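Here is the structure we will look at.
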Amino acid sequence: MKLKIKLPKNIVKKNFWRIVSVFLLLALLVTLSQKGCLTGMSVYPVKKIAEDAVEYINDYLLQEQKAELLDYGERNGVIWIKIRIGGRIYDSYVSRDGKLLFPSAISLEEKPSLQAGETQEGDKCEQMPKKDKPVLRAFVVSYCPFGLQMMRILHKIVQEIPELKEYIEVRYIGRIVDGNVTSMHGEKEAMENLREICIREEQKEKFWDYIGCFIKSGDTEGCLKEVGVDESKLKACMSDDQRGIKYAEEDFSLNRKFGISASPTLVLNDQEVSEFDFGGRTAEAVKTLLCCGFSKMPDFCSKQLSTEEAARGFSETYSMGTSGSRGRC
């Protein structure tokens, strides 16, 4: 026997919207609880994700120095972590599934006070560390699109102002693990980093020509032949722990010294600097930055270079007509 309850029509009619409101409120509460919006609680284990990210940084990105987790939380849909490495504090970000680490972020809400091509070069130039023989180190990895962008800029600089070649060093980011070179984008990139290191160290006269070819399409074998690299000497270098691995470790020790973790990063006269203080990722901006490192600026620094932003990734042309890139790997 089924029990039927029948409410008087006037009661139902009178309270109809109250009943509907109660059901809507219950549905909203269920939805909010499922999304972790009630009582400020998140369904994501924020603390564990933050701790795991720092553990990854210490295990795979750093050697002598260690990252220390100072604070964490959720910001704009990602996990924010504040870390300290070698006395410097960094804001980094991790996806909420804990699978992607972002060393830095750019706020799309903040509008730069300078437009592309505009700089405060006078003040910035005076602030640059000075030396009679300055050294601009560019820290990169070979398959990072933004690292390739910086290599394209440096290649253009040494092409158009050859005198600056001796003041530029390309250094690679990575680690030695179990006697092997490693890199952030895997074995293929690690081997290319090592290849370019060996060319830089043992066939120096071929280095920039090889880079100029490689940045077009990444055709390693074709570029080695086109440039005339001694491949037997190169292979010997890459397989010899006292040559290739030793050269690579010198680069990686500089990574640790300056706390480098992102490609590209520029260090002028042992101080990290930014090309964006001089106009961005253009040949003219990076040339000006380097020239500001001289105690007395030489005449060849007066030559004007391209103010177009260099193309990212592999490209047959210097510029792709885009602008405003601040990305790093």
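Letters for chains follow the order of the structure tokens (A, B, ...), residue numbers begin at 1 for each chain, and ligand numbers begin at 1 in the order shown.
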Each segment 250-304 of chain A residue no farther than 12 Å from segment 52-57 of chain A, nearest pair in Å, only C-alpha atoms, as CSV:
```
residue,atom,partner,partner_atom,distance
A:Gly259,CA,A:Ile57,CA,11.9
A:Ile260,CA,A:Ile57,CA,11.9
A:Ser261,CA,A:Ile57,CA,9.4
```
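Neighbouring residues of Gln242 of chain A at 12 Å or closer, counting only C-alpha atoms and skipping chain neighbours under 6 positions away, are Gly179, Cys198, Ala236, Ala248, Glu249 and Glu250 of chain A.
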Limited to C-alpha atoms, could you put the picked residues into a file as a tab-separated table (two decimals), in the first residue's frame?
```
chain	number	residue	atom	x	y	z
A	179	GLY	CA	78.14	10.52	-16.40
A	198	CYS	CA	82.17	20.55	-28.53
A	236	ALA	CA	85.48	11.91	-30.34
A	248	ALA	CA	79.65	20.73	-20.39
A	249	GLU	CA	80.31	20.61	-16.65
A	250	GLU	CA	82.04	24.00	-16.90
```
Here atom CA of Lys246 of chain A and atom CA of Ile176 of chain A stand apart by 9.7 Å
When DSSP is applied to the backbone of this structure, which of segment 116-267 of chain A are assigned strand (DSSP E)? Write them out as JSON, numbers by chain. {"A": [136, 137, 138, 139, 140, 168, 169, 170, 171, 172, 175, 176, 177, 180, 181, 182, 265, 266, 267]}
Between atom CA of Leu136 of chain A and atom CA of Leu290 of chain A, measure the distance and give it in Å to one decimal.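 Atom-to-atom, atom CA of Leu136 of chain A and atom CA of Leu290 of chain A are spaced 6.3 Å apart.
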Report, in Å with one decimal, the straight-line distance from atom CA of Glu169 of chain A to atom CA of Met128 of chain A.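 It comes out at 17.6 Å.
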Shell of 8 Å around segment 202-211 of chain A, only C-alpha atoms, local chain residues under 3 positions omitted, as a PyMOL selection string: chain A and resi 151+155+196+198-199+214-215+223-224+227-229
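Shortest separation to Glu126 of chain A among A:Glu316, A:Cys291, A:Lys82, A:Asp299 occurs at residue A:Cys291, atoms counted being only C-alpha atoms.
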Of the listed residues A:Ile49, A:Leu194, A:Ile157, A:Val273, that which approaches Pro129 of chain A most closely, counting only C-alpha atoms: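 Comparing A:Ile49, A:Leu194, A:Ile157, A:Val273 against Pro129 of chain A, the winner is A:Val273.
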Based on the backbone DSSP call, show me all residues of segment 100-272 of chain A assigned alpha helix (DSSP H), as a ChimeraX atom specification. /A:121-127,145-160,187-202,204-217,220-227,231-239,246-258
If we count only C-alpha atoms, what is near Arg137 of chain A at a cut-off of 8 Å, once residues fewer than 6 positions away on the same chain are taken out, given as number ranges by chain? A: 168-171, 266-268
Could I get the residues of segment 99-197 of chain A with an atom no further than 8 Å from an atom of segment 282-288 of chain A, each paired with its nearest atom pair and that distance in Å to one decimal, using only C-alpha atoms, sorted by chain and residue number, as JSON lines?
```
{"residue": "A:Ile153", "atom": "CA", "partner": "A:Ala283", "partner_atom": "CA", "distance": 5.1}
{"residue": "A:Leu154", "atom": "CA", "partner": "A:Ala283", "partner_atom": "CA", "distance": 7.1}
{"residue": "A:Lys156", "atom": "CA", "partner": "A:Ala283", "partner_atom": "CA", "distance": 6.7}
{"residue": "A:Ile157", "atom": "CA", "partner": "A:Ala283", "partner_atom": "CA", "distance": 6.2}
```
Mind dumping the selected residues with C-alpha atoms as a PDB file, in the first residue's frame?
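That gives us again-v4.pdb:
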```pdb
ATOM      1  CA  ILE A 153      69.874  37.584 -32.264  1.00  0.00           C
ATOM      2  CA  LEU A 154      73.451  36.790 -31.247  1.00  0.00           C
ATOM      3  CA  LYS A 156      73.003  38.496 -36.317  1.00  0.00           C
ATOM      4  CA  ILE A 157      75.142  40.602 -33.975  1.00  0.00           C
TER       5      ILE A 157
END
```
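If you measure from each of A:Asn269, A:Gln304, A:Asn193, A:Ser232 to Lys131 of chain A using only C-alpha atoms, the closest one turns out to be A:Asn269.
Checking A:Arg88, A:Lys296, A:Lys233, A:Lys47 one by one against Lys66 of chain A, counting only C-alpha atoms, you find the shortest gap at A:Arg88.
Proximity to Arg328 of chain A was assessed for A:Leu62, A:Val140, A:Val181, A:Ile83 counting only C-alpha atoms; the smallest distance is recorded for A:Val140.
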